[in-house]
>>> print(open('protein04.txt').read())   # compact mmCIF, C-alpha atoms
# COMPACT_ATOMS: atom_id res chain seq x y z
CA MET Y 184 190.42 143.23 60.24
CA ALA Y 185 191.21 140.23 58.06
CA HIS Y 186 187.49 139.37 58.03
CA TYR Y 187 186.98 142.33 55.69
CA LEU Y 188 189.02 140.50 53.04
CA PRO Y 189 187.47 137.00 52.85
CA PRO Y 190 189.80 134.80 50.74
CA ASP Y 191 187.00 133.32 48.60
CA VAL Y 192 185.69 136.76 47.57
CA VAL Y 193 189.18 138.17 46.92
CA ALA Y 194 190.31 135.13 44.91
CA ARG Y 195 187.25 135.07 42.65
CA ALA Y 196 187.31 138.84 42.10
CA GLN Y 197 191.06 138.92 41.36
CA VAL Y 198 190.61 136.54 38.44
CA LEU Y 199 188.34 139.08 36.71
CA GLY Y 200 190.08 142.30 37.75
CA LEU Y 201 188.72 145.83 37.77
CA LYS Y 202 189.91 147.62 34.63
CA ALA Y 203 188.57 151.02 33.65
CA ARG Y 204 186.19 150.94 30.69
CA THR Y 205 186.37 154.61 29.80
CA VAL Y 206 189.29 156.95 29.20
CA VAL Y 207 191.08 157.86 32.43
CA GLU Y 208 193.96 160.16 33.30
CA GLY Y 209 196.96 158.73 35.10
CA LEU Y 210 200.45 159.62 36.21
CA ARG Y 211 202.29 156.54 34.95
CA VAL Y 212 201.95 153.90 32.27
CA GLY Y 213 199.59 151.17 33.43
CA ASP Y 214 196.63 149.14 32.22
CA HIS Y 215 193.91 151.62 31.28
CA ARG Y 216 193.17 153.86 28.34
CA SER Y 217 194.50 157.41 28.58
CA PRO Y 218 193.59 160.53 26.59
CA TYR Y 219 197.29 160.91 25.75
CA ARG Y 220 198.87 159.19 22.77
CA GLY Y 221 201.85 156.89 23.11
CA PHE Y 222 202.93 153.37 22.20
CA SER Y 223 200.72 150.65 23.61
CA VAL Y 224 198.27 148.01 22.38
CA GLU Y 225 195.35 149.89 20.79
CA PHE Y 226 196.11 151.37 17.35
CA VAL Y 227 194.91 154.92 16.70
CA GLN Y 228 196.60 156.30 13.54
CA HIS Y 229 199.81 156.65 11.50
CA ARG Y 230 202.17 159.62 11.49
CA GLU Y 231 205.27 160.35 9.47
CA TYR Y 232 208.60 159.05 10.81
CA VAL Y 233 211.04 161.67 12.11
CA PRO Y 234 214.66 161.10 13.14
CA GLY Y 235 214.82 159.89 16.74
CA ASP Y 236 211.68 157.75 16.57
CA ASP Y 237 212.03 154.13 17.63
CA ILE Y 238 212.37 152.13 14.40
CA ARG Y 239 210.54 149.24 16.05
CA HIS Y 240 207.30 151.19 15.54
CA ILE Y 241 207.76 151.70 11.79
CA ASP Y 242 204.91 150.18 9.79
CA TRP Y 243 206.82 148.20 7.17
CA LYS Y 244 203.65 147.11 5.37
CA SER Y 245 202.71 150.73 4.87
CA TYR Y 246 206.26 151.44 3.64
CA GLY Y 247 205.87 148.64 1.07
CA ARG Y 248 202.77 150.33 -0.31
CA SER Y 249 203.82 153.97 -0.20
CA GLU Y 250 207.64 153.88 0.14
CA ARG Y 251 207.29 156.33 3.01
CA TYR Y 252 208.31 155.68 6.58
CA THR Y 253 205.38 155.98 8.94
CA ILE Y 254 205.01 155.29 12.67
CA LYS Y 255 202.08 153.49 14.21
CA GLN Y 256 200.52 155.55 17.01
CA TYR Y 257 198.64 153.82 19.78
CA GLU Y 258 196.48 154.93 22.67
CA GLN Y 259 198.65 155.11 25.72
CA GLU Y 260 197.55 153.16 28.74
CA THR Y 261 197.67 154.54 32.25
CA ASN Y 262 196.77 153.96 35.87
CA TYR Y 263 193.58 155.32 37.38
CA ALA Y 264 192.42 156.73 40.69
CA ALA Y 265 189.34 155.08 42.17
CA HIS Y 266 187.23 156.89 44.76
CA ILE Y 267 185.06 154.79 47.07
CA MET Y 268 182.11 156.49 48.78
CA LEU Y 269 180.85 154.38 51.70
CA ASP Y 270 177.51 155.19 53.33
CA ALA Y 271 177.77 154.98 57.14
CA SER Y 272 174.37 156.48 57.95
CA ARG Y 273 172.07 154.90 60.54
CA SER Y 274 169.87 153.23 57.91
CA MET Y 275 172.88 151.05 57.04
CA LEU Y 276 172.62 149.55 60.55
CA TYR Y 277 169.77 147.26 59.52
CA GLY Y 278 170.33 143.50 59.56
CA GLU Y 279 172.20 140.99 61.68
CA GLY Y 280 175.47 139.15 61.17
CA THR Y 281 176.66 138.89 57.58
CA SER Y 282 173.41 140.39 56.24
CA ASN Y 283 173.94 143.67 58.13
CA LYS Y 284 174.08 146.31 55.43
CA LEU Y 285 177.03 148.26 56.79
CA GLU Y 286 179.16 145.18 57.50
CA TYR Y 287 178.37 143.83 54.03
CA ALA Y 288 179.28 147.21 52.53
CA LYS Y 289 182.54 147.30 54.51
CA VAL Y 290 183.61 143.95 53.04
CA LEU Y 291 182.72 145.17 49.54
CA THR Y 292 184.72 148.35 50.15
CA ALA Y 293 187.77 146.43 51.38
CA VAL Y 294 187.71 144.00 48.46
CA LEU Y 295 187.39 146.80 45.88
CA ALA Y 296 190.25 148.73 47.52
CA TYR Y 297 192.43 145.60 47.53
CA LEU Y 298 191.67 144.89 43.85
CA VAL Y 299 192.52 148.45 42.81
CA VAL Y 300 195.84 148.57 44.69
CA HIS Y 301 196.76 145.01 43.69
CA GLN Y 302 196.61 146.00 40.02
CA ARG Y 303 198.87 149.00 40.71
CA ASP Y 304 196.20 151.70 40.70
CA SER Y 305 195.31 154.08 43.51
CA VAL Y 306 192.20 154.32 45.67
CA SER Y 307 190.68 156.82 48.09
CA LEU Y 308 188.09 156.14 50.80
CA ASN Y 309 185.31 158.60 51.60
CA VAL Y 310 183.00 157.59 54.46
CA PHE Y 311 179.84 159.69 54.80
CA ASP Y 312 176.40 160.10 56.34
CA ALA Y 313 174.96 163.64 56.29
CA GLY Y 314 178.53 164.86 55.71
CA TRP Y 315 182.01 163.48 55.29
CA ARG Y 316 183.04 161.28 58.23
CA GLU Y 317 186.43 159.87 57.21
CA ARG Y 318 188.48 160.73 54.13
CA LEU Y 319 191.64 158.93 53.06
CA PRO Y 320 193.39 160.42 50.01
CA ALA Y 321 194.13 158.23 47.00
CA SER Y 322 197.22 156.03 47.23
CA GLY Y 323 198.50 152.94 45.46
CA GLN Y 324 200.79 151.76 48.25
CA LEU Y 325 200.11 148.30 49.69
CA GLY Y 326 200.13 149.78 53.20
CA HIS Y 327 197.16 151.94 52.17
CA VAL Y 328 194.93 148.86 52.16
CA GLN Y 329 195.83 148.27 55.81
CA THR Y 330 194.94 151.89 56.62
CA ILE Y 331 191.58 151.44 54.89
CA LEU Y 332 190.90 148.26 56.89
CA GLN Y 333 191.69 150.07 60.14
CA THR Y 334 189.33 152.88 59.17
CA LEU Y 335 186.54 150.45 58.29
CA GLU Y 336 186.98 148.72 61.64
CA SER Y 337 186.21 151.94 63.50
CA VAL Y 338 183.24 153.13 61.41
CA GLU Y 339 179.87 153.03 63.20
CA PRO Y 340 176.48 154.31 61.91
CA ARG Y 341 175.68 157.74 63.27
CA ASP Y 342 173.59 160.22 61.27
CA LYS Y 343 171.04 160.47 58.45
CA THR Y 344 171.81 159.85 54.78
CA ALA Y 345 172.51 162.83 52.52
CA VAL Y 346 174.09 161.41 49.37
CA ALA Y 347 173.35 164.00 46.71
CA PRO Y 348 175.28 167.02 48.11
CA LEU Y 349 178.36 164.86 48.65
CA LEU Y 350 178.28 163.54 45.08
CA HIS Y 351 178.38 167.16 43.89
CA ASP Y 352 181.15 167.91 46.38
CA LEU Y 353 183.29 165.02 45.15
CA ALA Y 354 182.66 165.98 41.52
CA SER Y 355 183.91 169.50 42.27
CA GLN Y 356 187.00 168.30 44.13
CA VAL Y 357 188.30 165.48 41.92
CA ARG Y 358 189.51 166.85 38.61
CA ARG Y 359 191.42 163.87 37.27
CA ARG Y 360 189.08 161.46 35.51
CA GLY Y 361 188.79 158.08 37.18
CA LEU Y 362 186.32 155.70 38.80
CA VAL Y 363 183.80 156.50 41.51
CA PHE Y 364 182.14 153.72 43.51
CA LEU Y 365 179.05 154.67 45.50
CA ILE Y 366 178.22 151.99 48.11
CA SER Y 367 174.95 152.93 49.80
CA ASP Y 368 171.33 151.98 50.45
CA CYS Y 369 170.56 155.22 48.57
CA PHE Y 370 167.76 156.32 50.91
CA ASP Y 371 167.70 159.85 49.54
CA ASP Y 372 165.64 161.82 47.06
CA VAL Y 373 166.13 159.94 43.78
CA ASP Y 374 166.11 163.00 41.51
CA ALA Y 375 168.69 164.78 43.68
CA LEU Y 376 170.86 161.67 43.87
CA VAL Y 377 170.74 161.16 40.10
CA GLY Y 378 171.67 164.83 39.67
CA GLY Y 379 174.82 164.19 41.69
CA LEU Y 380 175.68 161.15 39.59
CA GLN Y 381 175.14 163.24 36.45
CA HIS Y 382 177.63 165.82 37.76
CA LEU Y 383 180.27 163.10 38.22
CA ARG Y 384 179.64 161.80 34.71
CA PHE Y 385 179.86 165.34 33.30
CA GLN Y 386 183.31 165.59 34.89
CA GLY Y 387 184.31 162.47 32.94
CA HIS Y 388 184.28 159.92 35.76
CA GLU Y 389 183.12 156.34 35.35
CA VAL Y 390 180.51 155.76 38.05
CA ILE Y 391 179.38 152.49 39.63
CA VAL Y 392 176.47 152.45 42.09
CA PHE Y 393 176.35 149.48 44.47
CA HIS Y 394 172.82 149.69 45.88
CA VAL Y 395 172.94 147.74 49.15
CA LEU Y 396 169.59 146.45 50.44
CA HIS Y 397 168.54 143.88 53.05
CA PRO Y 398 166.14 141.10 51.97
CA ASP Y 399 163.51 142.45 54.40
CA GLU Y 400 163.52 145.79 52.55
CA LEU Y 401 162.94 144.03 49.24
CA GLU Y 402 160.44 141.38 50.33
CA PHE Y 403 158.72 142.77 53.49
CA PRO Y 404 158.28 139.26 54.97
CA PHE Y 405 156.74 140.32 58.31
CA GLY Y 406 153.58 138.94 59.89
CA GLY Y 407 151.40 139.47 62.95
CA MET Y 408 151.47 142.81 64.75
CA VAL Y 409 154.81 144.60 64.34
CA LYS Y 410 156.24 147.87 65.63
CA PHE Y 411 158.62 149.49 63.12
CA ASP Y 412 161.22 151.92 64.49
CA ALA Y 413 162.77 154.45 62.11
CA LEU Y 414 166.57 154.31 62.17
CA GLU Y 415 167.27 157.87 61.04
CA GLU Y 416 164.53 159.78 62.85
CA LYS Y 417 162.34 159.47 65.95
CA ARG Y 418 159.32 157.74 64.48
CA GLU Y 419 157.62 154.42 65.00
CA LEU Y 420 154.69 152.60 63.44
CA LEU Y 421 152.60 149.82 64.99
CA THR Y 422 150.72 147.91 62.30
CA ARG Y 423 149.84 144.58 60.74
CA PRO Y 424 152.38 144.21 57.88
CA GLN Y 425 150.02 142.16 55.71
CA LEU Y 426 147.73 145.20 55.46
CA ILE Y 427 150.43 147.49 54.05
CA ARG Y 428 152.60 144.97 52.15
CA PRO Y 429 151.01 145.54 48.68
CA ARG Y 430 151.43 149.31 48.86
CA TYR Y 431 154.92 148.97 50.34
CA LEU Y 432 156.10 146.65 47.56
CA LYS Y 433 154.64 148.94 44.87
CA ALA Y 434 156.38 151.97 46.39
CA VAL Y 435 159.71 150.11 46.60
CA ALA Y 436 159.35 148.90 42.98
CA ARG Y 437 158.78 152.50 41.79
CA TYR Y 438 161.77 153.72 43.78
CA LEU Y 439 164.08 150.98 42.47
CA GLU Y 440 162.96 151.54 38.89
CA ALA Y 441 163.46 155.31 39.14
CA LEU Y 442 166.96 154.92 40.55
CA GLN Y 443 168.02 152.27 38.04
CA GLN Y 444 166.67 154.25 35.10
CA GLY Y 445 168.38 157.40 36.37
CA CYS Y 446 171.69 155.53 36.49
CA GLU Y 447 171.18 154.09 33.02
CA ARG Y 448 170.29 157.48 31.52
CA ASN Y 449 173.61 158.82 32.80
CA HIS Y 450 175.59 155.74 31.79
CA CYS Y 451 176.36 154.73 35.37
CA ASP Y 452 176.62 151.05 36.26
CA TYR Y 453 173.82 150.09 38.63
CA VAL Y 454 174.40 147.00 40.78
CA ARG Y 455 171.59 146.03 43.14
CA ILE Y 456 172.98 144.08 46.09
CA ASN Y 457 170.86 141.82 48.28
CA THR Y 458 172.76 141.25 51.52
CA GLY Y 459 171.07 137.87 51.85
CA ARG Y 460 173.20 136.58 48.97
CA PRO Y 461 176.93 135.79 49.15
CA LEU Y 462 179.12 138.74 48.17
CA ALA Y 463 181.44 136.52 46.13
CA GLU Y 464 178.51 135.56 43.90
CA THR Y 465 177.18 139.10 43.47
CA LEU Y 466 180.53 140.83 42.92
CA THR Y 467 181.99 138.29 40.50
CA ALA Y 468 178.78 138.31 38.45
CA TYR Y 469 179.14 142.09 38.07
CA LEU Y 470 182.88 141.96 37.32
CA ALA Y 471 182.31 139.26 34.69
CA ARG Y 472 179.61 141.36 33.04
CA ARG Y 473 181.84 144.41 33.20
CA LEU Y 474 184.77 142.55 31.65
CA LYS Y 475 182.56 141.29 28.82
CA MET Y 476 181.38 144.84 28.07
CA ARG Y 477 184.98 146.09 28.02
CA LEU Y 478 186.17 143.53 25.46
>>> encode(input="protein04.txt", output="structure tokens")
Amino acid sequence: MAHYLPPDVVARAQVLGLKARTVVEGLRVGDHRSPYRGFSVEFVQHREYVPGDDIRHIDWKSYGRSERYTIKQYEQETNYAAHIMLDASRSMLYGEGTSNKLEYAKVLTAVLAYLVVHQRDSVSLNVFDAGWRERLPASGQLGHVQTILQTLESVEPRDKTAVAPLLHDLASQVRRRGLVFLISDCFDDVDALVGGLQHLRFQGHEVIVFHVLHPDELEFPFGGMVKFDALEEKRELLTRPQLIRPRYLKAVARYLEALQQGCERNHCDYVRINTGRPLAETLTAYLARRLKMRL
């Protein structure tokens, strides 16, 4: 199970961290913005001092101007709950070795879970295909990472993809605002999928879509006479790839553009992942960009 937490990926990702960018709701004081006011690092407003207030929060400069005691109010910081949705449908079976989509996605899932728990937040795991396969409730205990690794070890592709209904289901179930990570090849109706993402955003969640694709799906590098077998249904196609490559690439480009634009319209982060590239490179590039946007 240790192979799901490669030291190089974990070390590079830990340096950047995974802080929430939007307001979240938590149960304890932590590192992320909360909708509740308290004493922390981001100033919000002044209020009049009342007996019992901590005198350390008196704004003495304001007192010098107005001769009135006022307290600085800050935006309280809190922990968050992250919810990882991992696609374990049969289309994720494509690829060999480290470029296999599901194995790549498992490593990404494990690293994200480790980052969240390491910074004292909580994480849930939701494995799906046409329905929910495995569901681990949110926890911030270190032992929870081990449970997630054990679950990932046992996950095998089984059924077709049906992302959209499950996005709506999660949006209806999770009331406390937090982060939702969708890790999938997103082979579903784009409009329906975007509708599910919109529902999560309407509920106040910050949503990140990790779109996992194999280089073959992006480049279609086949030659000669090839028989293509569908992974999620009983279909096959015998053809010369060079004859259909132009139309295939145009169709894929339209699909990718529609999905990315749908994410952007709903203020969801869209991260396209090519499993032919090292995860450490792809993930740290996203986390660095995310950190820059947060500052």
>>> residues_around(input="protein04.txt", residues="region 328-330 of chain Y", least_positions_apart="3", cutoff="12 Å", atoms="only C-alpha atoms", output="PyMOL selection string")
chain Y and resi 184-185+187-188+292-301+304-308+317-325+333-337
>>> closest_residue(input="protein04.txt", among="Y:His327, Y:Arg430, Y:Lys244, Y:Lys284", to="Cys369 (chain Y)", atoms="only C-alpha atoms")
Y:Lys284
>>> residues_around(input="protein04.txt", residues="Arg195 (chain Y)", least_positions_apart="2", cutoff="9 Å", atoms="all atoms listed in the file", output="PyMOL selection string")
chain Y and resi 190-193+197-199+463-464+466-467
>>> closest_atom_pairs(input="protein04.txt", of="region 408-478 of chain Y", to="region 375-399 of chain Y", cutoff="8 Å", atoms="all atoms listed in the file", output="JSON lines")
{"residue": "Y:Leu442", "atom": "CA", "partner": "Y:Val377", "partner_atom": "CA", "distance": 7.3}
{"residue": "Y:Gly445", "atom": "CA", "partner": "Y:Val377", "partner_atom": "CA", "distance": 5.8}
{"residue": "Y:Cys446", "atom": "CA", "partner": "Y:Val377", "partner_atom": "CA", "distance": 6.8}
{"residue": "Y:Asn449", "atom": "CA", "partner": "Y:Gln381", "partner_atom": "CA", "distance": 5.9}
{"residue": "Y:His450", "atom": "CA", "partner": "Y:Arg384", "partner_atom": "CA", "distance": 7.9}
{"residue": "Y:Cys451", "atom": "CA", "partner": "Y:Val390", "partner_atom": "CA", "distance": 5.0}
{"residue": "Y:Asp452", "atom": "CA", "partner": "Y:Ile391", "partner_atom": "CA", "distance": 4.6}
{"residue": "Y:Tyr453", "atom": "CA", "partner": "Y:Val392", "partner_atom": "CA", "distance": 5.0}
{"residue": "Y:Val454", "atom": "CA", "partner": "Y:Phe393", "partner_atom": "CA", "distance": 4.9}
{"residue": "Y:Arg455", "atom": "CA", "partner": "Y:His394", "partner_atom": "CA", "distance": 4.7}
{"residue": "Y:Ile456", "atom": "CA", "partner": "Y:Val395", "partner_atom": "CA", "distance": 4.8}
{"residue": "Y:Asn457", "atom": "CA", "partner": "Y:Leu396", "partner_atom": "CA", "distance": 5.3}
{"residue": "Y:Thr458", "atom": "CA", "partner": "Y:His397", "partner_atom": "CA", "distance": 5.2}
{"residue": "Y:Gly459", "atom": "CA", "partner": "Y:Pro398", "partner_atom": "CA", "distance": 5.9}
>>> axis_aligned_box(input="protein04.txt", around="region 293-308 of chain Y", padding_each_side="5 Å", output="lines of an AutoDock Vina configuration file")
center_x = 193.1
center_y = 150.4
center_z = 45.7
size_x = 21.5
size_y = 22.8
size_z = 21.4
>>> atom_distance(input="protein04.txt", atom1="CA of Glu286 (chain Y)", atom2="CA of Val338 (chain Y)")
9.8 Å
>>> atom_distance(input="protein04.txt", atom1="CA of Asn309 (chain Y)", atom2="CA of Glu416 (chain Y)")
23.7 Å
>>> closest_residue(input="protein04.txt", among="Y:Tyr263, Y:Tyr277, Y:Trp315, Y:Ala288", to="Phe411 (chain Y)", atoms="all atoms listed in the file")
Y:Tyr277
>>> closest_residue(input="protein04.txt", among="Y:Leu474, Y:Leu349, Y:Val373, Y:Ile254", to="Arg239 (chain Y)", atoms="all atoms listed in the file")
Y:Ile254
>>> closest_residue(input="protein04.txt", among="Y:Leu285, Y:Ala345, Y:Leu350, Y:Leu276", to="Asp312 (chain Y)", atoms="only C-alpha atoms")
Y:Ala345
>>> atom_distance(input="protein04.txt", atom1="CA of Pro424 (chain Y)", atom2="CA of Asp412 (chain Y)")
13.5 Å
>>> closest_residue(input="protein04.txt", among="Y:Gly326, Y:Gly314, Y:Gly407, Y:Gly361", to="Val346 (chain Y)", atoms="only C-alpha atoms")
Y:Gly314
>>> closest_residue(input="protein04.txt", among="Y:Asn283, Y:Glu400, Y:Val363, Y:Leu291", to="Ala436 (chain Y)", atoms="only C-alpha atoms")
Y:Glu400
